[in-house]
file entry21.cif (mmCIF, C-alpha atoms)
data_query
#
loop_
_atom_site.label_atom_id
_atom_site.label_comp_id
_atom_site.auth_asym_id
_atom_site.auth_seq_id
_atom_site.Cartn_x
_atom_site.Cartn_y
_atom_site.Cartn_z
CA GLU A 1 0.00 0.00 0.00
CA LEU A 2 2.98 2.30 0.51
CA LEU A 3 3.93 2.10 -3.17
CA THR A 4 0.31 2.63 -4.23
CA THR A 5 0.07 5.73 -2.05
CA LEU A 6 3.36 7.07 -3.41
CA ALA A 7 2.23 6.38 -6.98
CA ARG A 8 -1.11 8.13 -6.37
CA ARG A 9 0.55 11.24 -4.99
CA CYS A 10 3.78 11.73 -6.97
CA ASP A 11 3.94 11.97 -10.74
CA VAL A 12 7.73 11.72 -10.80
CA ALA A 13 7.65 8.54 -8.69
CA ARG A 14 5.00 7.00 -10.99
CA VAL A 15 7.07 7.56 -14.10
CA CYS A 16 10.26 6.38 -12.38
CA MET A 17 8.59 3.18 -11.17
CA VAL A 18 7.46 2.30 -14.69
CA GLU A 19 10.52 3.42 -16.63
CA HIS A 20 13.34 2.11 -14.41
CA PRO A 21 14.44 -1.05 -16.25
CA ALA A 22 15.97 -2.83 -13.25
CA TRP A 23 12.77 -2.56 -11.22
CA ALA A 24 10.55 -4.37 -13.75
CA VAL A 25 7.42 -3.09 -11.99
CA LEU A 26 4.92 -3.64 -14.82
CA PRO A 27 6.03 -7.13 -15.85
CA THR A 28 5.91 -8.15 -12.20
CA LEU A 29 2.52 -6.58 -11.44
CA VAL A 30 0.80 -7.82 -14.56
CA GLY A 31 2.56 -11.18 -14.40
CA LEU A 32 1.30 -11.82 -10.87
CA MET A 33 -2.27 -11.52 -12.16
CA SER A 34 -1.93 -14.88 -13.90
CA CYS A 35 -0.44 -16.59 -10.85
CA SER A 36 -2.23 -18.38 -8.05
CA VAL A 37 -2.32 -15.32 -5.81
CA PRO A 38 -5.28 -14.60 -3.49
CA THR A 39 -7.87 -12.35 -5.09
CA ASN A 40 -7.58 -9.65 -2.43
CA ILE A 41 -3.83 -9.40 -3.13
CA LYS A 42 -4.49 -9.22 -6.88
CA ALA A 43 -6.97 -6.42 -6.21
CA ARG A 44 -4.33 -4.44 -4.33
CA LEU A 45 -1.84 -4.99 -7.13
CA MET A 46 -4.48 -3.79 -9.58
CA LEU A 47 -5.02 -0.62 -7.51
CA TYR A 48 -1.26 -0.04 -7.69
CA LEU A 49 -1.51 -0.41 -11.47
CA ALA A 50 -4.36 2.14 -11.52
CA ALA A 51 -2.19 4.56 -9.54
CA LEU A 52 0.67 4.12 -12.02
CA ALA A 53 -1.77 4.81 -14.86
CA LYS A 54 -2.45 8.29 -13.52
CA SER A 55 0.60 9.50 -15.48
CA ALA A 56 -0.18 9.84 -19.16
CA ASP A 57 3.45 8.87 -19.91
CA ASN A 58 2.78 5.42 -18.44
CA VAL A 59 -0.54 4.60 -20.09
CA HIS A 60 0.65 3.14 -23.39
CA THR A 61 3.27 1.01 -21.63
CA ILE A 62 0.64 -0.31 -19.21
CA TRP A 63 -1.70 -1.18 -22.09
CA GLN A 64 1.18 -3.07 -23.78
CA HIS A 65 1.76 -5.18 -20.66
CA ILE A 66 -1.95 -5.86 -20.14
CA GLU A 67 -2.25 -6.99 -23.75
CA ALA A 68 0.96 -9.04 -23.71
CA GLN A 69 -0.21 -10.88 -20.58
CA GLN A 70 -3.72 -11.28 -22.04
CA LEU A 71 -5.10 -10.11 -18.73
CA LEU A 72 -8.74 -10.57 -19.73
CA GLY A 73 -8.02 -14.20 -20.60
CA GLY A 74 -9.76 -16.26 -23.20
CA GLN A 75 -6.95 -16.26 -25.79
CA GLY A 76 -6.02 -19.90 -26.27
CA GLY A 77 -7.92 -20.94 -23.15
CA LYS A 78 -5.69 -18.84 -20.93
CA PRO A 79 -7.47 -17.88 -17.67
CA GLY A 80 -7.70 -14.22 -16.78
CA ILE A 81 -9.76 -11.56 -15.07
CA THR A 82 -13.01 -12.84 -16.62
CA GLU A 83 -12.52 -16.33 -15.20
CA GLU A 84 -11.47 -14.89 -11.85
CA LEU A 85 -14.78 -12.98 -11.72
CA GLU A 86 -16.94 -15.90 -12.82
CA GLU A 87 -15.28 -18.65 -10.79
CA ILE A 88 -13.57 -17.17 -7.74
CA GLU A 89 -15.17 -13.85 -6.91
CA THR A 90 -18.71 -15.06 -7.65
CA ARG A 91 -18.21 -18.11 -5.43
CA ALA A 92 -16.74 -15.96 -2.63
CA GLU A 93 -19.51 -13.37 -3.12
CA GLU A 94 -16.87 -10.61 -2.98
CA PHE A 95 -15.61 -8.62 -5.96
CA PRO A 96 -12.50 -6.61 -5.04
CA LEU A 97 -10.54 -7.57 -8.17
CA THR A 98 -13.40 -6.65 -10.48
CA ARG A 99 -13.81 -3.25 -8.83
CA ALA A 100 -10.04 -2.65 -8.98
CA PHE A 101 -9.83 -3.66 -12.66
CA ILE A 102 -12.68 -1.27 -13.48
CA GLN A 103 -10.65 1.45 -11.77
CA VAL A 104 -7.62 0.54 -13.92
CA LEU A 105 -9.71 0.73 -17.10
CA ASP A 106 -11.24 4.01 -15.98
CA THR A 107 -7.81 5.52 -15.38
CA LEU A 108 -6.30 4.13 -18.59
CA THR A 109 -9.11 5.61 -20.68
CA ASP A 110 -8.50 9.12 -19.36
CA VAL A 111 -6.00 9.53 -22.20
CA GLU A 112 -6.13 8.47 -25.84
CA ILE A 113 -6.34 4.72 -26.30
CA PRO A 114 -3.59 3.33 -28.55
CA GLY A 115 -4.98 2.82 -32.03
CA ASN A 116 -3.20 -0.51 -32.39
CA LEU A 117 -4.32 -1.90 -29.01
CA GLY A 118 -4.28 -5.69 -29.34
CA ALA A 119 -3.16 -5.69 -32.98
CA GLY A 120 -1.55 -8.93 -34.07
CA VAL A 121 -3.26 -11.02 -31.42
CA ARG A 122 -6.88 -10.00 -31.94
CA GLN A 123 -8.98 -7.35 -33.65
CA PRO A 124 -7.43 -4.04 -32.52
CA GLY A 125 -9.36 -1.79 -30.17
CA LEU A 126 -11.12 -1.54 -26.85
CA LEU A 127 -14.02 -3.88 -27.70
CA PRO A 128 -12.88 -6.88 -25.58
CA TYR A 129 -12.68 -4.63 -22.52
CA MET A 130 -16.10 -3.11 -23.23
CA ASN A 131 -17.55 -6.61 -23.72
CA TYR A 132 -16.07 -7.66 -20.38
CA LEU A 133 -17.59 -4.65 -18.62
CA VAL A 134 -21.01 -5.01 -20.21
CA ASP A 135 -21.40 -8.80 -20.46
CA SER A 136 -19.50 -10.05 -17.42
CA VAL A 137 -19.87 -7.19 -14.95
CA PHE A 138 -22.79 -4.84 -15.49
CA LEU A 139 -25.39 -7.17 -17.02
CA LYS A 140 -24.85 -9.68 -14.23
CA PHE A 141 -24.28 -7.49 -11.16
CA CYS A 142 -27.96 -7.61 -10.10
CA THR A 143 -28.19 -11.41 -10.29
CA ARG A 144 -25.03 -12.08 -8.28
CA THR A 145 -25.03 -12.73 -4.56
CA TYR A 146 -22.95 -10.41 -2.39
CA LYS A 147 -21.57 -11.18 1.05
CA ILE A 148 -21.86 -7.47 1.82
CA PRO A 149 -25.02 -6.20 0.09
CA ALA A 150 -23.62 -2.68 -0.36
CA GLU A 151 -20.90 -4.06 -2.65
CA ARG A 152 -23.56 -4.64 -5.34
CA TRP A 153 -23.93 -0.87 -5.62
CA GLU A 154 -20.16 -0.31 -5.45
CA VAL A 155 -19.82 -2.56 -8.51
CA ALA A 156 -22.71 -0.80 -10.26
CA SER A 157 -21.41 2.68 -9.51
CA SER A 158 -17.88 1.92 -10.69
CA ALA A 159 -18.81 2.20 -14.37
CA PRO A 160 -16.12 4.21 -16.18
#
call {"tool": "encode", "arguments": {"input": "entry21.cif", "output": "structure tokens"}}
result
Amino acid sequence: ELLTTLARRCDVARVCMVEHPAWAVLPTLVGLMSCSVPTNIKARLMLYLAALAKSADNVHTIWQHIEAQQLLGGQGGKPGITEELEEIETRAEEFPLTRAFIQVLDTLTDVEIPGNLGAGVRQPGLLPYMNYLVDSVFLKFCTRTYKIPAERWEVASSAP
């Protein structure tokens, strides 16, 4: 949480964290999303990623890492955020990773989206992310069960 707070508050620190080659912050953060890490830890890592995305200089690099890691999942049967929502968060009736990922997308879309986003792997553009938000999150939020009922409205109100 210390690094997230620093990244939220200091533009110079955000850029340094992303650009310093020896630190490998983005490959580590995004890489951990595909590991067997508890969902609440992944959510905190995602909030750190959202804080890093507050610097426009970092946005395109973050998109590249998200795409390279296929964070949404689905490409070649690779699990990702979508499967985490459907299988783990839904079963636990808690959705911290989903809310954090929505925050990442919201922050990333504050600047121009790269025109070649996803090119070479899939049809370029933001459509897979929009489909995730609409089909997996917002169309289903009312039918899901929530351990804490107020979280239903946190998910609903987090629309970018």
call {"tool": "axis_aligned_box", "arguments": {"input": "entry21.cif", "around": "segment 14-25 of chain A", "padding_each_side": "5 Å", "output": "JSON"}}
result
{"center_x": 10.5, "center_y": 1.6, "center_z": -13.8, "size_x": 21.0, "size_y": 21.9, "size_z": 15.6}
call {"tool": "resolve_selection", "arguments": {"input": "entry21.cif", "expression": "the PyMOL selection byres ((chain A and resi 50-54) around 10)", "output": "MDAnalysis selection string"}}
result
chainID A and resid 3:11 13:18 25:26 44:49 55:63 100:111
call {"tool": "atom_distance", "arguments": {"input": "entry21.cif", "atom1": "atom CA of Glu93 of chain A", "atom2": "atom CA of Leu127 of chain A"}}
result
26.9 Å
call {"tool": "closest_residue", "arguments": {"input": "entry21.cif", "among": "A:Leu97, A:Val12, A:Ile66, A:Ala43", "to": "Val30 of chain A", "atoms": "all atoms listed in the file"}}
result
A:Ile66
call {"tool": "atom_distance", "arguments": {"input": "entry21.cif", "atom1": "atom CA of Thr28 of chain A", "atom2": "atom CA of Gln69 of chain A"}}
result
10.7 Å
call {"tool": "closest_residue", "arguments": {"input": "entry21.cif", "among": "A:Leu71, A:Gly80, A:Pro96, A:Gln64", "to": "Thr39 of chain A", "atoms": "all atoms listed in the file"}}
result
A:Pro96
call {"tool": "decode", "arguments": {"input": "entry21.cif", "residues": "segment 122-134 of chain A", "atoms": "all heavy atoms", "output": "mmCIF file, in the first residue's frame"}}
result
data_model
loop_
_atom_site.group_PDB
_atom_site.id
_atom_site.type_symbol
_atom_site.label_atom_id
_atom_site.label_comp_id
_atom_site.auth_asym_id
_atom_site.auth_seq_id
_atom_site.Cartn_x
_atom_site.Cartn_y
_atom_site.Cartn_z
ATOM 1 N N ARG A 122 -5.424 -10.036 -31.799
ATOM 2 C CA ARG A 122 -6.883 -10.002 -31.937
ATOM 3 C C ARG A 122 -7.235 -8.766 -32.756
ATOM 4 O O ARG A 122 -6.371 -8.002 -33.139
ATOM 5 C CB ARG A 122 -7.547 -9.949 -30.562
ATOM 6 C CG ARG A 122 -7.105 -8.738 -29.736
ATOM 7 C CD ARG A 122 -7.897 -8.594 -28.455
ATOM 8 N NE ARG A 122 -7.463 -7.463 -27.681
ATOM 9 C CZ ARG A 122 -7.788 -6.188 -27.928
ATOM 10 N NH1 ARG A 122 -8.543 -5.883 -28.949
ATOM 11 N NH2 ARG A 122 -7.356 -5.220 -27.164
ATOM 12 N N GLN A 123 -8.520 -8.557 -32.967
ATOM 13 C CA GLN A 123 -8.977 -7.349 -33.651
ATOM 14 C C GLN A 123 -8.598 -6.150 -32.776
ATOM 15 O O GLN A 123 -8.912 -6.132 -31.587
ATOM 16 C CB GLN A 123 -10.504 -7.420 -33.835
ATOM 17 C CG GLN A 123 -11.091 -6.266 -34.603
ATOM 18 C CD GLN A 123 -10.743 -6.310 -36.079
ATOM 19 O OE1 GLN A 123 -10.478 -7.354 -36.633
ATOM 20 N NE2 GLN A 123 -10.738 -5.154 -36.707
ATOM 21 N N PRO A 124 -7.870 -5.166 -33.337
ATOM 22 C CA PRO A 124 -7.430 -4.035 -32.518
ATOM 23 C C PRO A 124 -8.606 -3.239 -31.942
ATOM 24 O O PRO A 124 -9.666 -3.163 -32.541
ATOM 25 C CB PRO A 124 -6.640 -3.161 -33.493
ATOM 26 C CG PRO A 124 -6.370 -3.998 -34.672
ATOM 27 C CD PRO A 124 -7.411 -5.064 -34.712
ATOM 28 N N GLY A 125 -8.377 -2.672 -30.776
ATOM 29 C CA GLY A 125 -9.361 -1.786 -30.174
ATOM 30 C C GLY A 125 -9.729 -2.160 -28.756
ATOM 31 O O GLY A 125 -9.193 -3.094 -28.157
ATOM 32 N N LEU A 126 -10.680 -1.435 -28.238
ATOM 33 C CA LEU A 126 -11.117 -1.539 -26.847
ATOM 34 C C LEU A 126 -12.284 -2.515 -26.659
ATOM 35 O O LEU A 126 -12.686 -2.782 -25.535
ATOM 36 C CB LEU A 126 -11.513 -0.136 -26.354
ATOM 37 C CG LEU A 126 -11.626 0.107 -24.873
ATOM 38 C CD1 LEU A 126 -10.299 -0.145 -24.177
ATOM 39 C CD2 LEU A 126 -12.101 1.517 -24.600
ATOM 40 N N LEU A 127 -12.806 -3.052 -27.757
ATOM 41 C CA LEU A 127 -14.016 -3.879 -27.701
ATOM 42 C C LEU A 127 -13.965 -5.028 -26.683
ATOM 43 O O LEU A 127 -14.935 -5.224 -25.949
ATOM 44 C CB LEU A 127 -14.378 -4.396 -29.094
ATOM 45 C CG LEU A 127 -15.751 -5.057 -29.209
ATOM 46 C CD1 LEU A 127 -16.863 -4.098 -28.796
ATOM 47 C CD2 LEU A 127 -15.970 -5.559 -30.617
ATOM 48 N N PRO A 128 -12.880 -5.800 -26.573
ATOM 49 C CA PRO A 128 -12.884 -6.885 -25.577
ATOM 50 C C PRO A 128 -13.076 -6.370 -24.142
ATOM 51 O O PRO A 128 -13.732 -7.032 -23.330
ATOM 52 C CB PRO A 128 -11.508 -7.529 -25.728
ATOM 53 C CG PRO A 128 -11.060 -7.160 -27.090
ATOM 54 C CD PRO A 128 -11.665 -5.821 -27.382
ATOM 55 N N TYR A 129 -12.540 -5.206 -23.858
ATOM 56 C CA TYR A 129 -12.682 -4.631 -22.521
ATOM 57 C C TYR A 129 -14.115 -4.146 -22.296
ATOM 58 O O TYR A 129 -14.671 -4.311 -21.216
ATOM 59 C CB TYR A 129 -11.668 -3.503 -22.316
ATOM 60 C CG TYR A 129 -10.256 -4.014 -22.432
ATOM 61 C CD1 TYR A 129 -9.570 -3.955 -23.647
ATOM 62 C CD2 TYR A 129 -9.623 -4.623 -21.348
ATOM 63 C CE1 TYR A 129 -8.292 -4.471 -23.766
ATOM 64 C CE2 TYR A 129 -8.343 -5.139 -21.465
ATOM 65 C CZ TYR A 129 -7.684 -5.058 -22.672
ATOM 66 O OH TYR A 129 -6.425 -5.581 -22.791
ATOM 67 N N MET A 130 -14.707 -3.556 -23.331
ATOM 68 C CA MET A 130 -16.103 -3.115 -23.234
ATOM 69 C C MET A 130 -17.027 -4.325 -23.085
ATOM 70 O O MET A 130 -17.964 -4.301 -22.288
ATOM 71 C CB MET A 130 -16.492 -2.281 -24.458
ATOM 72 C CG MET A 130 -15.709 -0.986 -24.598
ATOM 73 S SD MET A 130 -15.765 0.061 -23.120
ATOM 74 C CE MET A 130 -17.494 0.430 -23.053
ATOM 75 N N ASN A 131 -16.745 -5.383 -23.843
ATOM 76 C CA ASN A 131 -17.553 -6.608 -23.720
ATOM 77 C C ASN A 131 -17.452 -7.185 -22.312
ATOM 78 O O ASN A 131 -18.456 -7.633 -21.750
ATOM 79 C CB ASN A 131 -17.115 -7.652 -24.746
ATOM 80 C CG ASN A 131 -17.528 -7.287 -26.148
ATOM 81 O OD1 ASN A 131 -18.417 -6.476 -26.368
ATOM 82 N ND2 ASN A 131 -16.859 -7.876 -27.127
ATOM 83 N N TYR A 132 -16.248 -7.184 -21.751
ATOM 84 C CA TYR A 132 -16.065 -7.662 -20.378
ATOM 85 C C TYR A 132 -16.926 -6.843 -19.419
ATOM 86 O O TYR A 132 -17.661 -7.397 -18.597
ATOM 87 C CB TYR A 132 -14.590 -7.581 -19.980
ATOM 88 C CG TYR A 132 -14.361 -7.705 -18.488
ATOM 89 C CD1 TYR A 132 -14.392 -8.937 -17.864
ATOM 90 C CD2 TYR A 132 -14.140 -6.571 -17.714
ATOM 91 C CE1 TYR A 132 -14.202 -9.051 -16.492
ATOM 92 C CE2 TYR A 132 -13.943 -6.677 -16.344
ATOM 93 C CZ TYR A 132 -13.974 -7.913 -15.743
ATOM 94 O OH TYR A 132 -13.799 -8.001 -14.383
ATOM 95 N N LEU A 133 -16.828 -5.521 -19.523
ATOM 96 C CA LEU A 133 -17.592 -4.651 -18.618
ATOM 97 C C LEU A 133 -19.093 -4.866 -18.758
ATOM 98 O O LEU A 133 -19.804 -5.013 -17.758
ATOM 99 C CB LEU A 133 -17.247 -3.180 -18.868
ATOM 100 C CG LEU A 133 -15.864 -2.736 -18.446
ATOM 101 C CD1 LEU A 133 -15.596 -1.302 -18.911
ATOM 102 C CD2 LEU A 133 -15.680 -2.845 -16.944
ATOM 103 N N VAL A 134 -19.565 -4.892 -19.985
ATOM 104 C CA VAL A 134 -21.005 -5.014 -20.213
ATOM 105 C C VAL A 134 -21.485 -6.427 -19.897
ATOM 106 O O VAL A 134 -22.380 -6.623 -19.060
ATOM 107 C CB VAL A 134 -21.365 -4.625 -21.669
ATOM 108 C CG1 VAL A 134 -22.824 -4.937 -21.973
ATOM 109 C CG2 VAL A 134 -21.089 -3.144 -21.892
#
